[in-house]
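Source file input-v3.tsv; content: TSV, C-alpha atoms.
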chain	number	residue	atom	x	y	z
A	1	MET	CA	12.37	58.32	0.87
A	2	THR	CA	14.75	60.13	3.17
A	3	VAL	CA	15.88	58.40	6.36
A	4	ALA	CA	13.73	60.87	8.34
A	5	THR	CA	10.66	59.90	6.29
A	6	GLU	CA	11.46	56.20	6.70
A	7	TYR	CA	11.84	56.72	10.45
A	8	GLU	CA	8.39	58.26	10.69
A	9	LEU	CA	6.98	55.36	8.67
A	10	LEU	CA	8.50	52.86	11.10
A	11	ARG	CA	7.13	54.73	14.09
A	12	GLY	CA	3.67	55.25	12.63
A	13	SER	CA	2.92	52.12	10.60
A	14	ALA	CA	5.46	49.60	9.27
A	15	GLY	CA	8.44	49.15	6.99
A	16	LEU	CA	10.50	46.20	5.78
A	17	VAL	CA	14.25	45.93	6.29
A	18	ASP	CA	16.37	43.18	4.73
A	19	ARG	CA	18.96	41.64	7.09
A	20	PRO	CA	21.65	40.12	4.84
A	21	GLU	CA	24.28	40.80	7.52
A	22	ARG	CA	22.96	38.01	9.75
A	23	GLY	CA	24.74	34.65	9.77
A	24	LYS	CA	22.57	31.58	10.35
A	25	LEU	CA	23.45	28.15	11.75
A	26	LEU	CA	20.98	25.24	11.87
A	27	LEU	CA	21.55	22.60	14.55
A	28	THR	CA	19.88	19.21	14.67
A	29	GLY	CA	20.43	16.06	16.70
A	30	ALA	CA	19.11	14.75	20.01
A	31	GLU	CA	21.85	16.47	22.05
A	32	ALA	CA	21.82	19.90	20.37
A	33	ALA	CA	19.99	21.71	23.20
A	34	GLU	CA	22.05	20.00	25.90
A	35	PHE	CA	25.25	20.92	24.08
A	36	LEU	CA	24.29	24.60	23.75
A	37	GLN	CA	23.26	24.65	27.41
A	38	GLY	CA	26.91	24.22	28.37
A	39	GLN	CA	28.20	26.76	25.88
A	40	LEU	CA	25.83	29.75	25.91
A	41	THR	CA	24.85	32.18	28.66
A	42	ASN	CA	21.09	31.62	28.53
A	43	ASP	CA	18.88	28.65	29.37
A	44	ILE	CA	18.51	26.78	26.10
A	45	GLU	CA	17.16	23.49	27.48
A	46	SER	CA	14.16	25.22	29.06
A	47	LEU	CA	12.98	26.57	25.70
A	48	ALA	CA	9.79	24.98	24.42
A	49	PRO	CA	9.33	24.49	20.67
A	50	GLY	CA	8.10	27.77	19.22
A	51	THR	CA	10.11	29.92	21.62
A	52	GLY	CA	13.58	31.39	21.66
A	53	CYS	CA	15.97	33.62	23.55
A	54	TYR	CA	18.87	36.00	23.24
A	55	ALA	CA	22.23	34.57	24.35
A	56	ALA	CA	25.98	35.06	24.18
A	57	LEU	CA	29.02	32.89	23.59
A	58	LEU	CA	31.92	33.87	25.84
A	59	THR	CA	35.58	33.15	26.32
A	60	HIS	CA	36.69	31.35	29.50
A	61	LYS	CA	37.37	34.82	30.93
A	62	GLY	CA	33.74	35.85	30.36
A	63	LYS	CA	34.32	38.14	27.38
A	64	LEU	CA	32.14	38.26	24.28
A	65	LEU	CA	32.84	36.11	21.27
A	66	ALA	CA	29.33	36.40	19.82
A	67	ASP	CA	25.77	37.36	20.68
A	68	MET	CA	22.85	35.65	18.99
A	69	ARG	CA	19.19	34.79	18.77
A	70	VAL	CA	18.36	31.14	19.45
A	71	LEU	CA	15.08	29.68	18.16
A	72	ARG	CA	13.96	26.17	19.13
A	73	GLY	CA	11.73	24.06	16.88
A	74	GLU	CA	10.44	20.54	17.37
A	75	ASP	CA	13.65	18.89	16.17
A	76	TRP	CA	15.97	21.77	15.30
A	77	ILE	CA	17.60	24.90	16.71
A	78	LEU	CA	18.31	27.95	14.55
A	79	ILE	CA	20.95	30.46	15.61
A	80	ASP	CA	21.36	33.84	13.93
A	81	SER	CA	24.12	36.29	14.75
A	82	GLU	CA	26.18	39.06	13.23
A	83	ALA	CA	27.87	37.55	10.19
A	84	ALA	CA	31.30	38.49	11.56
A	85	ALA	CA	30.59	36.43	14.70
A	86	MET	CA	29.35	33.32	12.91
A	87	PRO	CA	32.82	31.80	12.37
A	88	ALA	CA	33.37	31.80	16.15
A	89	VAL	CA	29.98	30.17	16.72
A	90	ALA	CA	30.56	27.53	14.02
A	91	LYS	CA	34.07	26.79	15.31
A	92	ASN	CA	32.74	26.32	18.84
A	93	VAL	CA	30.13	23.84	17.65
A	94	ARG	CA	32.60	22.00	15.44
A	95	MET	CA	35.25	21.65	18.16
A	96	TYR	CA	33.20	20.89	21.24
A	97	SER	CA	30.34	18.78	19.89
A	98	ILE	CA	32.63	15.95	18.77
A	99	GLY	CA	31.23	12.62	19.91
A	100	ARG	CA	27.77	14.05	20.54
A	101	ASP	CA	24.57	13.77	18.55
A	102	VAL	CA	24.81	17.31	17.19
A	103	GLN	CA	24.85	18.26	13.52
A	104	ALA	CA	25.36	21.81	12.31
A	105	ARG	CA	24.86	23.39	8.90
A	106	ASP	CA	25.58	26.97	7.88
A	107	VAL	CA	22.38	28.18	6.20
A	108	SER	CA	23.40	31.85	5.94
A	109	THR	CA	22.90	31.91	2.17
A	110	GLU	CA	19.85	29.64	2.22
A	111	ARG	CA	17.65	31.68	4.57
A	112	ALA	CA	16.65	35.33	4.45
A	113	ILE	CA	15.53	37.50	7.34
A	114	LEU	CA	13.04	40.25	6.51
A	115	SER	CA	12.37	42.52	9.48
A	116	LEU	CA	8.93	44.09	9.65
A	117	ILE	CA	9.27	47.08	11.96
A	118	GLY	CA	6.49	49.25	13.31
A	119	PRO	CA	3.14	49.11	15.14
A	120	THR	CA	1.22	47.64	12.18
A	121	SER	CA	3.79	44.94	11.31
A	122	ARG	CA	1.47	42.08	12.23
A	123	ASP	CA	-1.31	43.30	9.95
A	124	ALA	CA	0.53	41.93	6.91
A	125	LEU	CA	0.77	38.37	8.27
A	126	ASP	CA	-1.63	35.49	7.75
A	127	VAL	CA	-1.05	34.37	11.36
A	128	ALA	CA	0.42	36.34	14.25
A	129	PRO	CA	3.18	34.96	16.47
A	130	PRO	CA	2.84	35.09	20.28
A	131	ASP	CA	3.62	38.45	21.88
A	132	ALA	CA	6.71	37.31	23.81
A	133	GLU	CA	9.96	38.34	22.13
A	134	HIS	CA	11.63	35.48	20.21
A	135	SER	CA	8.42	33.42	20.10
A	136	PHE	CA	7.46	32.26	16.61
A	137	VAL	CA	4.91	30.48	14.45
A	138	GLU	CA	5.03	28.87	11.03
A	139	GLY	CA	3.17	31.01	8.50
A	140	GLU	CA	2.51	31.09	4.80
A	141	HIS	CA	5.83	32.81	4.11
A	142	GLY	CA	8.10	31.09	6.66
A	143	LEU	CA	8.78	31.57	10.35
A	144	TYR	CA	7.25	34.66	11.94
A	145	VAL	CA	9.37	35.68	14.95
A	146	THR	CA	8.37	38.38	17.44
A	147	THR	CA	11.02	41.06	17.94
A	148	ASP	CA	11.26	44.11	20.16
A	149	LEU	CA	10.26	46.31	17.20
A	150	GLY	CA	7.88	44.09	15.22
A	151	VAL	CA	8.21	40.71	13.50
A	152	ASP	CA	11.01	38.98	11.58
A	153	VAL	CA	10.01	36.78	8.66
A	154	ILE	CA	12.59	34.03	8.11
A	155	CYS	CA	12.10	32.44	4.69
A	156	ASP	CA	14.00	30.58	1.99
A	157	ALA	CA	16.39	33.03	0.34
A	158	ALA	CA	15.16	31.89	-3.07
A	159	ASP	CA	11.64	32.97	-2.13
A	160	ALA	CA	12.58	36.34	-0.57
A	161	ASP	CA	11.57	38.52	-3.51
A	162	GLY	CA	8.17	36.86	-3.70
A	163	VAL	CA	7.69	37.19	0.06
A	164	ARG	CA	8.49	40.90	-0.09
A	165	ALA	CA	5.90	41.38	-2.80
A	166	ALA	CA	3.28	39.32	-0.98
A	167	LEU	CA	3.73	41.21	2.28
A	168	GLY	CA	3.18	44.52	0.49
A	169	ILE	CA	5.16	46.59	2.99
A	170	ASP	CA	7.37	49.47	1.86
A	171	GLU	CA	11.08	48.71	2.12
A	172	VAL	CA	13.21	51.11	4.13
A	173	SER	CA	16.95	51.48	4.60
A	174	PRO	CA	18.99	49.81	7.34
A	175	ASP	CA	19.87	53.33	8.54
A	176	ALA	CA	16.25	53.93	9.56
A	177	ALA	CA	16.16	50.68	11.52
A	178	GLU	CA	19.45	51.60	13.18
A	179	LEU	CA	17.88	54.84	14.39
A	180	LEU	CA	15.28	52.86	16.33
A	181	ARG	CA	17.89	50.43	17.67
A	182	VAL	CA	20.03	53.24	19.04
A	183	GLU	CA	17.01	54.98	20.57
A	184	SER	CA	16.07	51.73	22.31
A	185	GLY	CA	19.58	51.40	23.73
A	186	ARG	CA	20.38	47.94	22.39
A	187	PRO	CA	24.10	47.56	21.66
A	188	ARG	CA	25.48	45.92	18.53
A	189	LEU	CA	28.48	43.62	18.41
A	190	GLY	CA	31.37	45.14	16.51
A	191	VAL	CA	30.02	48.65	17.01
A	192	ASP	CA	29.20	49.13	20.69
A	193	MET	CA	30.76	45.99	22.19
A	194	ASP	CA	33.63	43.72	21.26
A	195	GLY	CA	35.95	40.98	22.46
A	196	ASP	CA	36.95	43.00	25.53
A	197	THR	CA	33.33	43.35	26.73
A	198	ILE	CA	31.79	41.39	29.61
A	199	PRO	CA	27.98	41.01	29.23
A	200	GLN	CA	27.10	43.12	32.28
A	201	GLU	CA	29.15	46.03	30.94
A	202	ALA	CA	26.96	46.09	27.83
A	203	GLY	CA	23.71	45.77	29.80
A	204	LEU	CA	23.09	42.23	28.52
A	205	ASN	CA	22.52	40.37	31.80
A	206	GLU	CA	18.75	40.79	31.91
A	207	ARG	CA	18.24	39.65	28.32
A	208	ALA	CA	21.03	37.19	27.70
A	209	VAL	CA	22.15	35.58	30.95
A	210	SER	CA	20.51	32.93	33.14
A	211	PHE	CA	21.72	32.81	36.74
A	212	THR	CA	19.75	29.67	37.57
A	213	LYS	CA	20.98	27.24	34.87
A	214	GLY	CA	24.01	24.99	35.12
A	215	CYS	CA	27.57	25.80	34.14
A	216	TYR	CA	28.59	27.35	30.83
A	217	VAL	CA	31.80	28.74	29.41
A	218	GLY	CA	32.72	32.03	31.12
A	219	GLN	CA	30.15	31.61	33.92
A	220	GLU	CA	32.58	32.17	36.78
A	221	THR	CA	33.45	35.70	35.70
A	222	VAL	CA	29.87	36.63	34.87
A	223	ALA	CA	28.45	35.28	38.14
A	224	ARG	CA	31.19	36.78	40.32
A	225	LEU	CA	30.69	40.22	38.80
A	226	HIS	CA	26.91	39.96	39.14
A	227	TYR	CA	26.81	38.83	42.77
A	228	LYS	CA	29.90	40.33	44.35
A	229	GLY	CA	31.41	43.01	42.19
A	230	LYS	CA	30.78	46.22	40.34
A	231	PRO	CA	31.55	46.38	36.64
A	232	ASN	CA	34.24	48.87	35.70
A	233	ARG	CA	32.15	50.02	32.75
A	234	HIS	CA	28.48	50.54	31.85
A	235	LEU	CA	26.54	51.03	28.62
A	236	ARG	CA	25.19	54.60	28.48
A	237	GLY	CA	23.45	56.89	26.08
A	238	LEU	CA	24.83	60.26	25.06
A	239	ARG	CA	22.84	63.32	24.06
A	240	LEU	CA	25.24	65.10	21.74
A	241	SER	CA	25.53	68.83	21.15
A	242	ALA	CA	27.36	68.24	17.86
A	243	PRO	CA	27.76	65.35	15.42
A	244	ALA	CA	30.17	62.62	16.52
A	245	SER	CA	31.74	59.58	14.89
A	246	HIS	CA	32.27	55.99	15.92
A	247	GLY	CA	35.49	55.73	17.92
A	248	ASP	CA	35.59	59.35	19.08
A	249	PRO	CA	37.05	59.65	22.60
A	250	ILE	CA	34.81	60.54	25.54
A	251	VAL	CA	36.48	62.61	28.26
A	252	LEU	CA	35.32	63.31	31.82
A	253	GLY	CA	37.50	65.86	33.58
A	254	ASP	CA	41.00	65.09	32.38
A	255	ARG	CA	40.45	61.35	31.79
A	256	GLU	CA	39.24	59.39	28.79
A	257	VAL	CA	36.36	57.22	29.99
A	258	GLY	CA	35.26	55.55	26.76
A	259	ARG	CA	34.80	55.71	23.01
A	260	ILE	CA	31.71	56.45	20.94
A	261	GLY	CA	29.91	53.37	19.61
A	262	SER	CA	26.72	53.75	17.56
A	263	VAL	CA	25.70	57.24	16.48
A	264	ALA	CA	22.37	58.44	15.13
A	265	ASP	CA	20.67	61.71	14.24
A	266	SER	CA	17.19	61.10	15.60
A	267	PRO	CA	14.37	63.28	14.25
A	268	ARG	CA	12.75	62.96	17.67
A	269	LEU	CA	15.74	63.22	20.02
A	270	GLY	CA	18.45	64.96	18.03
A	271	PRO	CA	21.99	63.60	17.76
A	272	ILE	CA	22.52	60.65	20.10
A	273	ALA	CA	25.03	57.86	20.62
A	274	LEU	CA	25.75	54.72	22.60
A	275	ALA	CA	28.99	54.03	24.43
A	276	ILE	CA	30.41	51.78	27.11
A	277	VAL	CA	32.02	54.18	29.60
A	278	ARG	CA	33.87	53.83	32.87
A	279	ARG	CA	31.70	53.68	35.98
A	280	GLU	CA	32.82	57.08	37.30
A	281	ALA	CA	30.89	58.62	34.41
A	282	SER	CA	27.24	58.63	35.49
A	283	PRO	CA	23.93	59.59	33.83
A	284	GLY	CA	23.53	63.36	34.04
A	285	ASP	CA	27.27	64.03	33.80
A	286	THR	CA	28.57	66.31	31.07
A	287	VAL	CA	31.42	64.83	29.07
A	288	LEU	CA	33.46	66.08	26.12
A	289	VAL	CA	33.44	64.16	22.85
A	290	GLY	CA	35.85	64.06	19.92
A	291	GLU	CA	38.87	66.14	19.04
A	292	GLY	CA	36.72	69.27	19.13
A	293	ARG	CA	35.64	68.43	22.69
A	294	ALA	CA	31.93	69.04	22.04
A	295	ALA	CA	29.79	68.73	25.15
A	296	ALA	CA	27.46	65.75	25.61
A	297	GLU	CA	25.23	64.57	28.44
A	298	LEU	CA	25.25	60.95	29.59
A	299	ALA	CA	21.78	59.40	29.71
A	300	GLU	CA	20.05	56.30	30.99
A	301	LEU	CA	18.78	53.85	28.37
A	302	PRO	CA	16.48	53.59	26.57
A	303	PHE	CA	16.43	57.21	25.49
A	304	THR	CA	13.31	59.20	26.31
A	305	ALA	CA	12.10	62.42	24.73
A	306	GLY	CA	12.64	65.63	26.62

Turn this file's structure into structure tokens for me.
Amino acid sequence: MTVATEYELLRGSAGLVDRPERGKLLLTGAEAAEFLQGQLTNDIESLAPGTGCYAALLTHKGKLLADMRVLRGEDWILIDSEAAAMPAVAKNVRMYSIGRDVQARDVSTERAILSLIGPTSRDALDVAPPDAEHSFVEGEHGLYVTTDLGVDVICDAADADGVRAALGIDEVSPDAAELLRVESGRPRLGVDMDGDTIPQEAGLNERAVSFTKGCYVGQETVARLHYKGKPNRHLRGLRLSAPASHGDPIVLGDREVGRIGSVADSPRLGPIALAIVRREASPGDTVLVGEGRAAAELAELPFTAG
């Protein structure tokens, strides 16, 4: 199938995307949730078994080291993140959990994540997880976790081929899934945001940050910016008039205001991109992109047709 055909499949029914790029860390011990509460941006201790959240690990200056999904079971917590960010997560746990009842094991090669994307994703499951994002249930094939685009099946890596066959859903390429991610306006670490990014600049506050929990690493910067300041940069969409590449400069007037992050050629929207740009560049503004200075319009996220 072409990416365009796969995209239509994901929008109309369902497709399966393997996620080998995700690192996975399993935490156990009576103090695991309390420990993470003081390290991550979201409220881990309030999670009930069978629920989860999106969270970030920050430097003391409030800049991103990693973003992750956190799932809480009865006596365990599973973190999955971009594989490139997992060393920072594992190092944090190893260094700062000393003397606490926290055990961590890297299960990146032991667990597989199969993303079922599309409106009929749940039809293939023997039991459906709750509707809330990051909620999960134990099913015949592993954990079934609700996502923004469908359901993730987390299973033993050794069983992954059998699970794929049992689910009976056509596999599609990661490129097709990336199209939907870019359309939805969700940034990706290492592509749209990096170690110089503060969560609010990437539009993560609503999903990843609790402003009612206790202290965590980097909280002072995040809270001060949220309550008293204005971020210097914002995550925006771009409607492109010509193809662009990751890293291309974005110019407003005579000033560079950002660099292109994710790019996609959407069958529904045309060429689009994500970028964190300086605050003087607002939705509706026309900017110039790349060495050829092709025009592009800044847009609010998520993208909408029209």

Atom CA of Trp76 of chain A to atom CA of Ala33 of chain A, distance in Å rounded to a single decimal: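 Straight-line distance from atom CA of Trp76 of chain A to atom CA of Ala33 of chain A works out to 8.9 Å.
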
Nearby residues (all atoms listed in the file) at most 10 Å from segment 36-48 of chain A, same-chain spacing under 5 positions excluded, as a VMD selection string: chain A and resid 27 31 53 to 59 62 66 to 68 70 to 74 77 89 92 to 93 96 to 97 102 135 199 205 207 to 219 222

Distance criterion (only C-alpha atoms): nearest to Ile154 of chain A out of A:Leu167, A:Met193, A:Ala112, A:Ala30: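 Once distances to Ile154 of chain A are computed over only C-alpha atoms, the minimum belongs to A:Ala112.
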
Point-to-point distance from atom CA of Gly150 of chain A to atom CA of Pro271 of chain A, Å rounded to tenths: 24.2 Å

Close residues, segment 253-266 of chain A itself excluded, 6 Å, only C-alpha atoms, min 4 positions apart in chain, as a ChimeraX atom specification: /A:179,191-192,246-249,270-275,277-278

Interatomic distance (Å, one decimal) between atom CA of Asp152 of chain A and atom CA of Leu301 of chain A: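 Computing the Euclidean distance for atom CA of Asp152 of chain A and atom CA of Leu301 of chain A yields 23.7 Å.
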
Surrounding residues of Gly284 of chain A excluding itself and chain neighbours under 4 positions, 9 Å, only C-alpha atoms, as a VMD selection string: chain A and resid 297 to 300

I want to know what sits within 12 Å of Val151 of chain A, based on all atoms listed in the file, with residues of the same chain fewer than 6 positions away left out; could you give that as a CSV table (one decimal) with C-alpha atoms, keeping the file's coordinate frame?
chain,number,residue,atom,x,y,z
A,14,ALA,CA,5.5,49.6,9.3
A,15,GLY,CA,8.4,49.2,7.0
A,16,LEU,CA,10.5,46.2,5.8
A,17,VAL,CA,14.2,45.9,6.3
A,113,ILE,CA,15.5,37.5,7.3
A,114,LEU,CA,13.0,40.2,6.5
A,115,SER,CA,12.4,42.5,9.5
A,116,LEU,CA,8.9,44.1,9.6
A,117,ILE,CA,9.3,47.1,12.0
A,118,GLY,CA,6.5,49.2,13.3
A,119,PRO,CA,3.1,49.1,15.1
A,120,THR,CA,1.2,47.6,12.2
A,121,SER,CA,3.8,44.9,11.3
A,122,ARG,CA,1.5,42.1,12.2
A,123,ASP,CA,-1.3,43.3,10.0
A,124,ALA,CA,0.5,41.9,6.9
A,125,LEU,CA,0.8,38.4,8.3
A,127,VAL,CA,-1.0,34.4,11.4
A,128,ALA,CA,0.4,36.3,14.2
A,129,PRO,CA,3.2,35.0,16.5
A,130,PRO,CA,2.8,35.1,20.3
A,131,ASP,CA,3.6,38.4,21.9
A,132,ALA,CA,6.7,37.3,23.8
A,133,GLU,CA,10.0,38.3,22.1
A,134,HIS,CA,11.6,35.5,20.2
A,135,SER,CA,8.4,33.4,20.1
A,136,PHE,CA,7.5,32.3,16.6
A,137,VAL,CA,4.9,30.5,14.4
A,142,GLY,CA,8.1,31.1,6.7
A,143,LEU,CA,8.8,31.6,10.4
A,144,TYR,CA,7.2,34.7,11.9
A,145,VAL,CA,9.4,35.7,15.0

10 Å contact set for Arg111 of chain A, all atoms listed in the file, chain neighbours under 6 positions out, as a ChimeraX atom specification: /A:20,22-25,142,154-160

Top pick for closest residue to Gly290 of chain A, considering A:Thr109, A:Gln103, A:Thr304, A:Ser245 and counting only C-alpha atoms: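 Closest to Gly290 of chain A of all the choices is A:Ser245.
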